[in-house]
file target_4.csv (CSV, C-alpha atoms)
chain,number,residue,atom,x,y,z
S,1,MET,CA,3.2,-16.8,-42.7
S,2,THR,CA,2.2,-20.2,-41.8
S,3,VAL,CA,2.6,-21.6,-38.3
S,4,SER,CA,2.5,-25.3,-37.5
S,5,THR,CA,-0.2,-26.8,-35.4
S,6,THR,CA,2.2,-27.8,-32.6
S,7,ALA,CA,3.5,-24.1,-32.5
S,8,GLN,CA,-0.1,-22.9,-32.2
S,9,LEU,CA,-0.8,-25.5,-29.5
S,10,PHE,CA,2.3,-24.3,-27.5
S,11,SER,CA,1.3,-20.7,-28.0
S,12,MET,CA,-2.2,-21.5,-26.7
S,13,LEU,CA,-0.7,-23.3,-23.7
S,14,TRP,CA,1.4,-20.2,-23.0
S,15,GLY,CA,-1.8,-18.2,-23.2
S,16,LEU,CA,-3.4,-20.5,-20.6
S,17,LEU,CA,-0.4,-20.2,-18.4
S,18,SER,CA,-0.3,-16.4,-18.6
S,19,GLY,CA,-4.0,-16.2,-17.7
S,20,ALA,CA,-3.4,-18.6,-14.8
S,21,VAL,CA,-0.5,-16.5,-13.5
S,22,CYS,CA,-2.6,-13.4,-13.7
S,23,ALA,CA,-5.4,-15.2,-11.8
S,24,ALA,CA,-3.0,-16.3,-9.1
S,25,ALA,CA,-1.8,-12.7,-8.7
S,26,ALA,CA,-5.4,-11.5,-8.5
S,27,ALA,CA,-6.2,-14.1,-5.8
S,28,VAL,CA,-3.2,-13.1,-3.7
S,29,ILE,CA,-4.0,-9.4,-4.1
S,30,GLY,CA,-7.6,-10.1,-3.1
S,31,ALA,CA,-6.6,-11.9,0.0
S,32,VAL,CA,-4.2,-9.1,1.0
S,33,ARG,CA,-6.9,-6.6,0.3
S,34,GLN,CA,-9.3,-8.4,2.7
S,35,GLU,CA,-6.7,-8.5,5.4
S,36,LEU,CA,-5.5,-4.9,5.2
S,37,LYS,CA,-8.9,-3.3,4.3
S,38,PRO,CA,-7.6,-0.3,2.3
S,39,GLY,CA,-9.8,2.6,1.4
S,40,PRO,CA,-11.7,2.9,-1.8
S,41,VAL,CA,-9.2,5.2,-3.5
S,42,LEU,CA,-6.2,2.9,-2.8
S,43,THR,CA,-8.3,-0.1,-3.9
S,44,MET,CA,-9.2,1.6,-7.2
S,45,ALA,CA,-5.5,2.5,-7.8
S,46,ALA,CA,-4.3,-1.0,-7.0
S,47,ASP,CA,-6.9,-2.5,-9.3
S,48,LEU,CA,-6.0,-0.2,-12.1
S,49,LEU,CA,-2.3,-1.0,-11.8
S,50,PHE,CA,-3.0,-4.7,-11.6
S,51,TRP,CA,-5.1,-4.8,-14.7
S,52,ILE,CA,-2.6,-2.7,-16.7
S,53,PHE,CA,0.2,-5.0,-15.6
S,54,SER,CA,-1.9,-8.1,-16.4
S,55,ALA,CA,-2.9,-7.0,-19.8
S,56,SER,CA,0.7,-6.0,-20.7
S,57,ALA,CA,2.1,-9.3,-19.3
S,58,VAL,CA,-0.4,-11.4,-21.3
S,59,ILE,CA,0.3,-9.5,-24.5
S,60,CYS,CA,4.1,-9.6,-24.0
S,61,ILE,CA,4.0,-13.4,-23.3
S,62,ASN,CA,1.8,-14.0,-26.3
S,63,LEU,CA,4.1,-11.9,-28.5
S,64,LYS,CA,7.2,-13.8,-27.4
S,65,PHE,CA,5.7,-17.3,-27.7
S,66,GLY,CA,3.2,-16.6,-30.5
S,67,ASP,CA,5.6,-16.1,-33.4
S,68,GLY,CA,5.6,-12.3,-33.0
S,69,SER,CA,1.9,-11.7,-33.2
S,70,VAL,CA,-1.0,-11.9,-30.8
S,71,ARG,CA,-3.8,-14.0,-32.1
S,72,LEU,CA,-7.4,-14.1,-30.9
S,73,TYR,CA,-7.2,-17.8,-29.7
S,74,GLN,CA,-4.2,-16.8,-27.5
S,75,LEU,CA,-6.2,-14.1,-25.8
S,76,LEU,CA,-9.2,-16.5,-25.4
S,77,ALA,CA,-6.8,-19.1,-23.9
S,78,ALA,CA,-5.5,-16.5,-21.5
S,79,ALA,CA,-9.1,-15.6,-20.4
S,80,CYS,CA,-9.9,-19.4,-20.1
S,81,GLY,CA,-6.7,-19.8,-18.0
S,82,PHE,CA,-7.7,-17.0,-15.8
S,83,ALA,CA,-11.2,-18.4,-15.3
S,84,LEU,CA,-10.0,-22.0,-14.8
S,85,TYR,CA,-7.5,-21.0,-12.2
S,86,LEU,CA,-10.0,-18.9,-10.2
S,87,LEU,CA,-12.5,-21.7,-10.3
S,88,CYS,CA,-10.1,-24.5,-9.4
S,89,LEU,CA,-7.4,-23.0,-7.3
S,90,GLY,CA,-8.5,-19.5,-6.5
S,91,GLY,CA,-10.1,-20.3,-3.1
S,92,LEU,CA,-7.0,-22.4,-2.1
S,93,THR,CA,-4.7,-19.6,-3.1
S,94,ARG,CA,-6.7,-17.0,-1.1
S,95,ARG,CA,-6.8,-19.2,2.0
S,96,LEU,CA,-3.0,-19.8,1.7
S,97,ALA,CA,-2.4,-16.0,1.2
S,98,ARG,CA,-4.6,-15.2,4.2
S,99,LEU,CA,-2.7,-17.8,6.3
S,100,ALA,CA,0.6,-16.3,5.2
S,101,MET,CA,-0.6,-12.8,6.1
S,102,LYS,CA,-1.7,-14.0,9.6
S,103,GLY,CA,1.6,-15.8,10.1
S,104,LEU,CA,3.5,-12.7,9.1
S,105,ARG,CA,1.4,-10.6,11.4
S,106,LEU,CA,2.1,-13.0,14.3
S,107,ILE,CA,5.8,-12.9,13.5
S,108,LEU,CA,5.9,-9.1,13.3
S,109,ARG,CA,3.6,-8.3,16.2
S,110,PRO,CA,6.4,-8.3,18.8
S,111,ALA,CA,8.5,-6.0,16.7
S,112,PHE,CA,5.5,-3.6,16.4
S,113,PHE,CA,5.0,-3.7,20.2
S,114,LEU,CA,8.6,-2.9,20.7
S,115,LEU,CA,8.6,0.0,18.3
S,116,ARG,CA,5.3,1.3,19.9
S,117,GLY,CA,7.0,1.2,23.3
S,118,ILE,CA,10.0,3.0,22.0
S,119,ARG,CA,7.8,5.6,20.4
S,120,LEU,CA,5.7,6.1,23.6
S,121,TYR,CA,8.9,6.5,25.6
S,122,PHE,CA,10.3,9.1,23.3
S,123,ASN,CA,6.9,10.8,23.1
S,124,ASP,CA,7.0,11.2,26.9
S,125,ILE,CA,10.4,12.7,26.8
S,126,ILE,CA,9.4,15.1,23.9
S,127,CYS,CA,6.3,16.1,25.9
S,128,LYS,CA,8.4,16.9,28.9
S,129,ILE,CA,10.8,19.0,26.8
S,130,LYS,CA,7.8,20.8,25.2
S,131,ASN,CA,6.4,21.6,28.7
S,132,VAL,CA,9.8,23.1,29.8
S,133,PHE,CA,9.9,25.2,26.6
S,134,ASN,CA,6.3,26.3,27.2
S,135,LYS,CA,7.1,27.4,30.7
S,136,ILE,CA,10.1,29.3,29.5
S,137,LYS,CA,7.9,30.9,26.8
S,138,ARG,CA,5.2,31.8,29.3
S,139,GLY,CA,7.9,33.3,31.6
S,140,PHE,CA,9.1,35.5,28.7
S,141,ALA,CA,5.5,36.5,27.9
S,142,ARG,CA,5.0,37.5,31.6
S,143,PHE,CA,8.3,39.4,31.5
S,144,ALA,CA,7.3,41.2,28.3
S,145,SER,CA,3.8,42.0,29.7
S,146,ALA,CA,5.4,43.2,33.0
S,147,GLY,CA,7.6,45.5,31.0
S,148,LYS,CA,4.5,46.9,29.2
S,149,MET,CA,2.8,47.3,32.5
S,150,ARG,CA,5.8,49.1,33.9
S,151,LYS,CA,5.7,51.5,30.9
S,152,LYS,CA,2.0,52.1,31.3
S,153,ILE,CA,2.5,52.9,35.0
S,154,GLN,CA,5.3,55.3,34.2
S,155,LYS,CA,3.2,57.1,31.6
S,156,ASN,CA,0.3,57.4,34.0
S,157,TYR,CA,2.6,58.6,36.8
S,158,LYS,CA,4.0,61.3,34.4
S,159,LYS,CA,0.5,62.4,33.5
S,160,MET,CA,-0.4,62.7,37.2
S,161,LEU,CA,2.6,65.0,37.8

call {"tool": "encode", "arguments": {"input": "target_4.csv", "output": "structure tokens"}}
result
Amino acid sequence: MTVSTTAQLFSMLWGLLSGAVCAAAAAVIGAVRQELKPGPVLTMAADLLFWIFSASAVICINLKFGDGSVRLYQLLAAACGFALYLLCLGGLTRRLARLAMKGLRLILRPAFFLLRGIRLYFNDIICKIKNVFNKIKRGFARFASAGKMRKKIQKNYKKML
């Protein structure tokens, strides 16, 4: 099957675009990761899912716009698009994503303080309720131990008689 030169050019451009989109997603995820500082297991799982998603997205885009087949030049174009985006716009994307994260944090901070206050208020009430139940429990324990003591005294008294 022969493919025209213009169709190959457009499929290569789609490959560049798919690589650039994957690089933009990688830059945003990297900025979010720097702000949130997740543990190593969560980082590894997120990286694995990102690369699986990126590889499948590049292959699907190249299949759709590459006349039903994935050619090597399309994959090389995707790799070039990824590298070009990271070299040219990766830093800007990361800075913008960090700025967005900080803005979101500033917007949500009052809500988190309100939720924290509500949690502390209800935590005080729950602690007071627990203290009441603990006193009741101790009272029952004393009552039960008093009953045991009474039985011991009665047994000792019977032995003495």

call {"tool": "residues_around", "arguments": {"input": "target_4.csv", "residues": "Ala83 (chain S)", "least_positions_apart": "6", "cutoff": "9 Å", "atoms": "all atoms listed in the file", "output": "ChimeraX atom specification"}}
result
/S:19-20,23

call {"tool": "atom_distance", "arguments": {"input": "target_4.csv", "atom1": "CA of Ala31 (chain S)", "atom2": "CA of Arg94 (chain S)"}}
result
5.2 Å

call {"tool": "atom_distance", "arguments": {"input": "target_4.csv", "atom1": "CA of Cys22 (chain S)", "atom2": "CA of Phe82 (chain S)"}}
result
6.6 Å

call {"tool": "closest_residue", "arguments": {"input": "target_4.csv", "among": "S:Leu89, S:Ala45, S:Ile59, S:Leu120", "to": "Leu76 (chain S)", "atoms": "only C-alpha atoms"}}
result
S:Ile59

call {"tool": "atom_distance", "arguments": {"input": "target_4.csv", "atom1": "CA of Pro38 (chain S)", "atom2": "CA of Met101 (chain S)"}}
result
14.8 Å

call {"tool": "residues_around", "arguments": {"input": "target_4.csv", "residues": "Asp67 (chain S)", "least_positions_apart": "3", "cutoff": "9 Å", "atoms": "only C-alpha atoms", "output": "count of residues only"}}
result
8

call {"tool": "closest_residue", "arguments": {"input": "target_4.csv", "among": "S:Val32, S:Leu9, S:Val21, S:Leu16", "to": "Ala79 (chain S)", "atoms": "all atoms listed in the file"}}
result
S:Leu16
